[in-house]
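A.B. asks: structure.cif (mmCIF, C-alpha atoms) pasted underneath:
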```cif
data_run
loop_
_atom_site.group_PDB
_atom_site.id
_atom_site.type_symbol
_atom_site.label_atom_id
_atom_site.label_comp_id
_atom_site.auth_asym_id
_atom_site.auth_seq_id
_atom_site.Cartn_x
_atom_site.Cartn_y
_atom_site.Cartn_z
ATOM 1 C CA MET Q 263 -117.365 8.635 -77.588
ATOM 2 C CA GLU Q 264 -118.262 7.473 -81.073
ATOM 3 C CA PRO Q 265 -119.896 4.015 -81.176
ATOM 4 C CA ILE Q 266 -117.252 2.769 -83.614
ATOM 5 C CA MET Q 267 -114.500 3.964 -81.282
ATOM 6 C CA THR Q 268 -116.183 2.135 -78.405
ATOM 7 C CA ILE Q 269 -116.335 -1.076 -80.442
ATOM 8 C CA SER Q 270 -112.704 -0.644 -81.465
ATOM 9 C CA THR Q 271 -111.729 -0.201 -77.817
ATOM 10 C CA LEU Q 272 -113.586 -3.412 -76.905
ATOM 11 C CA VAL Q 273 -111.880 -5.300 -79.731
ATOM 12 C CA SER Q 274 -108.515 -3.992 -78.501
ATOM 13 C CA GLY Q 275 -109.429 -5.227 -75.028
ATOM 14 C CA ALA Q 276 -110.135 -8.666 -76.470
ATOM 15 C CA ASN Q 277 -106.742 -8.501 -78.188
ATOM 16 C CA LEU Q 278 -105.116 -7.712 -74.833
ATOM 17 C CA ILE Q 279 -106.755 -10.739 -73.220
ATOM 18 C CA ALA Q 280 -105.775 -13.104 -76.045
ATOM 19 C CA LEU Q 281 -102.216 -11.759 -76.139
ATOM 20 C CA GLY Q 282 -101.921 -12.090 -72.365
ATOM 21 C CA ILE Q 283 -102.923 -15.742 -72.672
ATOM 22 C CA LEU Q 284 -100.364 -16.223 -75.448
ATOM 23 C CA VAL Q 285 -97.586 -14.716 -73.331
ATOM 24 C CA GLY Q 286 -98.539 -17.045 -70.478
ATOM 25 C CA VAL Q 287 -98.561 -20.113 -72.720
ATOM 26 C CA PHE Q 288 -95.195 -19.240 -74.257
ATOM 27 C CA ALA Q 289 -93.740 -18.519 -70.811
ATOM 28 C CA ARG Q 290 -94.793 -22.001 -69.660
ATOM 29 C CA ILE Q 291 -93.302 -23.551 -72.806
ATOM 30 C CA TYR Q 292 -90.053 -21.663 -72.227
ATOM 31 C CA ALA Q 293 -89.928 -22.723 -68.566
ATOM 32 C CA LYS Q 294 -90.236 -26.380 -69.585
ATOM 33 C CA THR Q 295 -87.971 -26.412 -72.645
ATOM 34 C CA LYS Q 296 -85.603 -23.416 -72.370
ATOM 35 C CA ALA Q 297 -85.917 -23.170 -76.171
ATOM 36 C CA GLN Q 298 -85.321 -19.839 -77.903
ATOM 37 C CA LEU Q 299 -88.480 -19.848 -80.024
ATOM 38 C CA PRO Q 300 -90.863 -19.225 -77.103
ATOM 39 C CA LEU Q 301 -88.727 -16.228 -76.083
ATOM 40 C CA GLY Q 302 -89.221 -14.766 -79.553
ATOM 41 C CA MET Q 303 -92.940 -15.422 -79.356
ATOM 42 C CA ILE Q 304 -93.107 -13.749 -75.926
ATOM 43 C CA PHE Q 305 -91.325 -10.709 -77.379
ATOM 44 C CA PHE Q 306 -93.618 -10.655 -80.437
ATOM 45 C CA SER Q 307 -96.784 -11.037 -78.345
ATOM 46 C CA GLY Q 308 -95.520 -8.442 -75.892
ATOM 47 C CA LEU Q 309 -95.036 -5.881 -78.653
ATOM 48 C CA LEU Q 310 -98.541 -6.519 -79.978
ATOM 49 C CA PHE Q 311 -99.816 -6.163 -76.407
ATOM 50 C CA LEU Q 312 -98.022 -2.816 -76.126
ATOM 51 C CA HIS Q 313 -99.509 -1.745 -79.475
ATOM 52 C CA ASN Q 314 -103.015 -2.383 -78.146
ATOM 53 C CA VAL Q 315 -102.348 -0.650 -74.821
ATOM 54 C CA ILE Q 316 -101.129 2.435 -76.681
ATOM 55 C CA GLY Q 317 -104.124 2.242 -79.019
ATOM 56 C CA VAL Q 318 -106.655 2.131 -76.193
ATOM 57 C CA TYR Q 319 -104.841 4.906 -74.344
ATOM 58 C CA SER Q 320 -104.815 7.090 -77.463
ATOM 59 C CA TYR Q 321 -108.551 6.575 -77.971
ATOM 60 C CA PHE Q 322 -109.257 7.954 -74.527
ATOM 61 C CA SER Q 323 -106.615 10.676 -74.398
ATOM 62 C CA MET Q 324 -106.925 12.015 -77.961
ATOM 63 C CA MET Q 325 -110.554 11.213 -78.725
ATOM 64 C CA GLU Q 326 -111.295 14.640 -80.179
ATOM 65 C CA LEU Q 327 -108.409 14.385 -82.673
ATOM 66 C CA TYR Q 328 -109.773 11.308 -84.459
ATOM 67 C CA SER Q 329 -111.820 11.993 -87.560
ATOM 68 C CA ALA Q 330 -115.048 10.010 -87.795
ATOM 69 C CA ALA Q 331 -114.032 9.013 -91.332
ATOM 70 C CA VAL Q 332 -110.939 7.129 -90.144
ATOM 71 C CA LEU Q 333 -112.629 5.188 -87.328
ATOM 72 C CA PRO Q 334 -114.021 2.347 -89.519
ATOM 73 C CA TYR Q 335 -110.511 1.692 -90.845
ATOM 74 C CA LEU Q 336 -109.052 1.577 -87.336
ATOM 75 C CA LEU Q 337 -111.808 -0.832 -86.326
ATOM 76 C CA ALA Q 338 -111.038 -3.028 -89.336
ATOM 77 C CA VAL Q 339 -107.354 -3.133 -88.361
ATOM 78 C CA HIS Q 340 -108.218 -4.166 -84.798
ATOM 79 C CA ILE Q 341 -110.662 -6.831 -85.976
ATOM 80 C CA ALA Q 342 -108.085 -8.240 -88.410
ATOM 81 C CA GLU Q 343 -105.499 -8.274 -85.627
ATOM 82 C CA LEU Q 344 -107.930 -10.047 -83.288
ATOM 83 C CA ALA Q 345 -108.673 -12.668 -85.935
ATOM 84 C CA GLY Q 346 -104.955 -13.289 -86.456
ATOM 85 C CA VAL Q 347 -104.208 -13.457 -82.741
ATOM 86 C CA LEU Q 348 -107.107 -15.850 -82.113
ATOM 87 C CA ILE Q 349 -105.937 -18.140 -84.923
ATOM 88 C CA PHE Q 350 -102.397 -17.955 -83.524
ATOM 89 C CA LEU Q 351 -103.736 -18.791 -80.055
ATOM 90 C CA LYS Q 352 -105.779 -21.732 -81.368
ATOM 91 C CA ILE Q 353 -102.764 -23.163 -83.194
ATOM 92 C CA THR Q 354 -100.550 -22.645 -80.142
ATOM 93 C CA LEU Q 355 -102.966 -24.422 -77.797
ATOM 94 C CA GLN Q 356 -103.233 -27.515 -80.048
#
```
For the structure just supplied, provide its representation as structure tokens.

C.D. replies:
Amino acid sequence: MEPIMTISTLVSGANLIALGILVGVFARIYAKTKAQLPLGMIFFSGLLFLHNVIGVYSYFSMMELYSAAVLPYLLAVHIAELAGVLIFLKITLQ
């Protein structure tokens, strides 16, 4: 496995952890308030979680199909997503 692909997989794993925490936080908020907004946030976070699961799965199952030239761009996308999710998590926990 390419080193960049390994790093991208680790970043996706970090995304999965952060998104799992977000889903848990929004589920607790929904349980207390029964408001609609947390349901939307659970759906949104769940879709991002699914995106990362599919991404990690595709890295392992279709490794030989990825061009080495595209891997830095995929890593950049995952890092940008992680930054956004972590900021979202920080704001949510405040």

A.B. asks: Give me the result of the PyMOL selection byres ((chain Q and resi 330-335) around 12) on this file, residue by residue, as a PDB file with C-alpha atoms, in the coordinates of the input.

C.D. replies:
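Writing done, so here's part-v7.pdb:
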```pdb
ATOM      1  CA  MET Q 263    -117.365   8.635 -77.588  1.00  0.00           C
ATOM      2  CA  GLU Q 264    -118.262   7.473 -81.073  1.00  0.00           C
ATOM      3  CA  PRO Q 265    -119.896   4.015 -81.176  1.00  0.00           C
ATOM      4  CA  ILE Q 266    -117.252   2.769 -83.614  1.00  0.00           C
ATOM      5  CA  MET Q 267    -114.500   3.964 -81.282  1.00  0.00           C
ATOM      6  CA  THR Q 268    -116.183   2.135 -78.405  1.00  0.00           C
ATOM      7  CA  ILE Q 269    -116.335  -1.076 -80.442  1.00  0.00           C
ATOM      8  CA  SER Q 270    -112.704  -0.644 -81.465  1.00  0.00           C
ATOM      9  CA  THR Q 271    -111.729  -0.201 -77.817  1.00  0.00           C
ATOM     10  CA  TYR Q 321    -108.551   6.575 -77.971  1.00  0.00           C
ATOM     11  CA  MET Q 325    -110.554  11.213 -78.725  1.00  0.00           C
ATOM     12  CA  GLU Q 326    -111.295  14.640 -80.179  1.00  0.00           C
ATOM     13  CA  LEU Q 327    -108.409  14.385 -82.673  1.00  0.00           C
ATOM     14  CA  TYR Q 328    -109.773  11.308 -84.459  1.00  0.00           C
ATOM     15  CA  SER Q 329    -111.820  11.993 -87.560  1.00  0.00           C
ATOM     16  CA  LEU Q 336    -109.052   1.577 -87.336  1.00  0.00           C
ATOM     17  CA  LEU Q 337    -111.808  -0.832 -86.326  1.00  0.00           C
ATOM     18  CA  ALA Q 338    -111.038  -3.028 -89.336  1.00  0.00           C
ATOM     19  CA  VAL Q 339    -107.354  -3.133 -88.361  1.00  0.00           C
ATOM     20  CA  HIS Q 340    -108.218  -4.166 -84.798  1.00  0.00           C
ATOM     21  CA  ILE Q 341    -110.662  -6.831 -85.976  1.00  0.00           C
ATOM     22  CA  ALA Q 342    -108.085  -8.240 -88.410  1.00  0.00           C
TER      23      ALA Q 342
END
```

A.B. asks: Any chance you could resolve the PyMOL selection byres ((chain Q and resi 346-353) around 9) against this file and give the residues as a list in words?

C.D. replies: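 Written out, the selection comes to Asn277, Ala280, Leu281, Ile283, Leu284, Ser307, Ile341, Ala342, Glu343, Leu344, Ala345, Thr354, Leu355 and Gln356 of chain Q.
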
A.B. asks: Centre and edge lengths, as AutoDock Vina command-line options, for the axis-aligned box enclosing every listed atom of region 316-319 of chain Q with 4 Å of padding on each of the six sides, in Å to one decimal?

C.D. replies:
```
--center_x -103.9 --center_y 3.5 --center_z -76.7 --size_x 13.5 --size_y 10.8 --size_z 12.7
```

A.B. asks: Suppose you want the space between CA of Ile304 (chain Q) and CA of Ile279 (chain Q); what is it in Å?

C.D. replies: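 That distance, rounded to one decimal, is 14.2 Å.
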
A.B. asks: Any idea what the distance is between CA of Ser320 (chain Q) and CA of Ala276 (chain Q)?

C.D. replies: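 Computed distance, CA of Ser320 (chain Q) to CA of Ala276 (chain Q), equals 16.7 Å.
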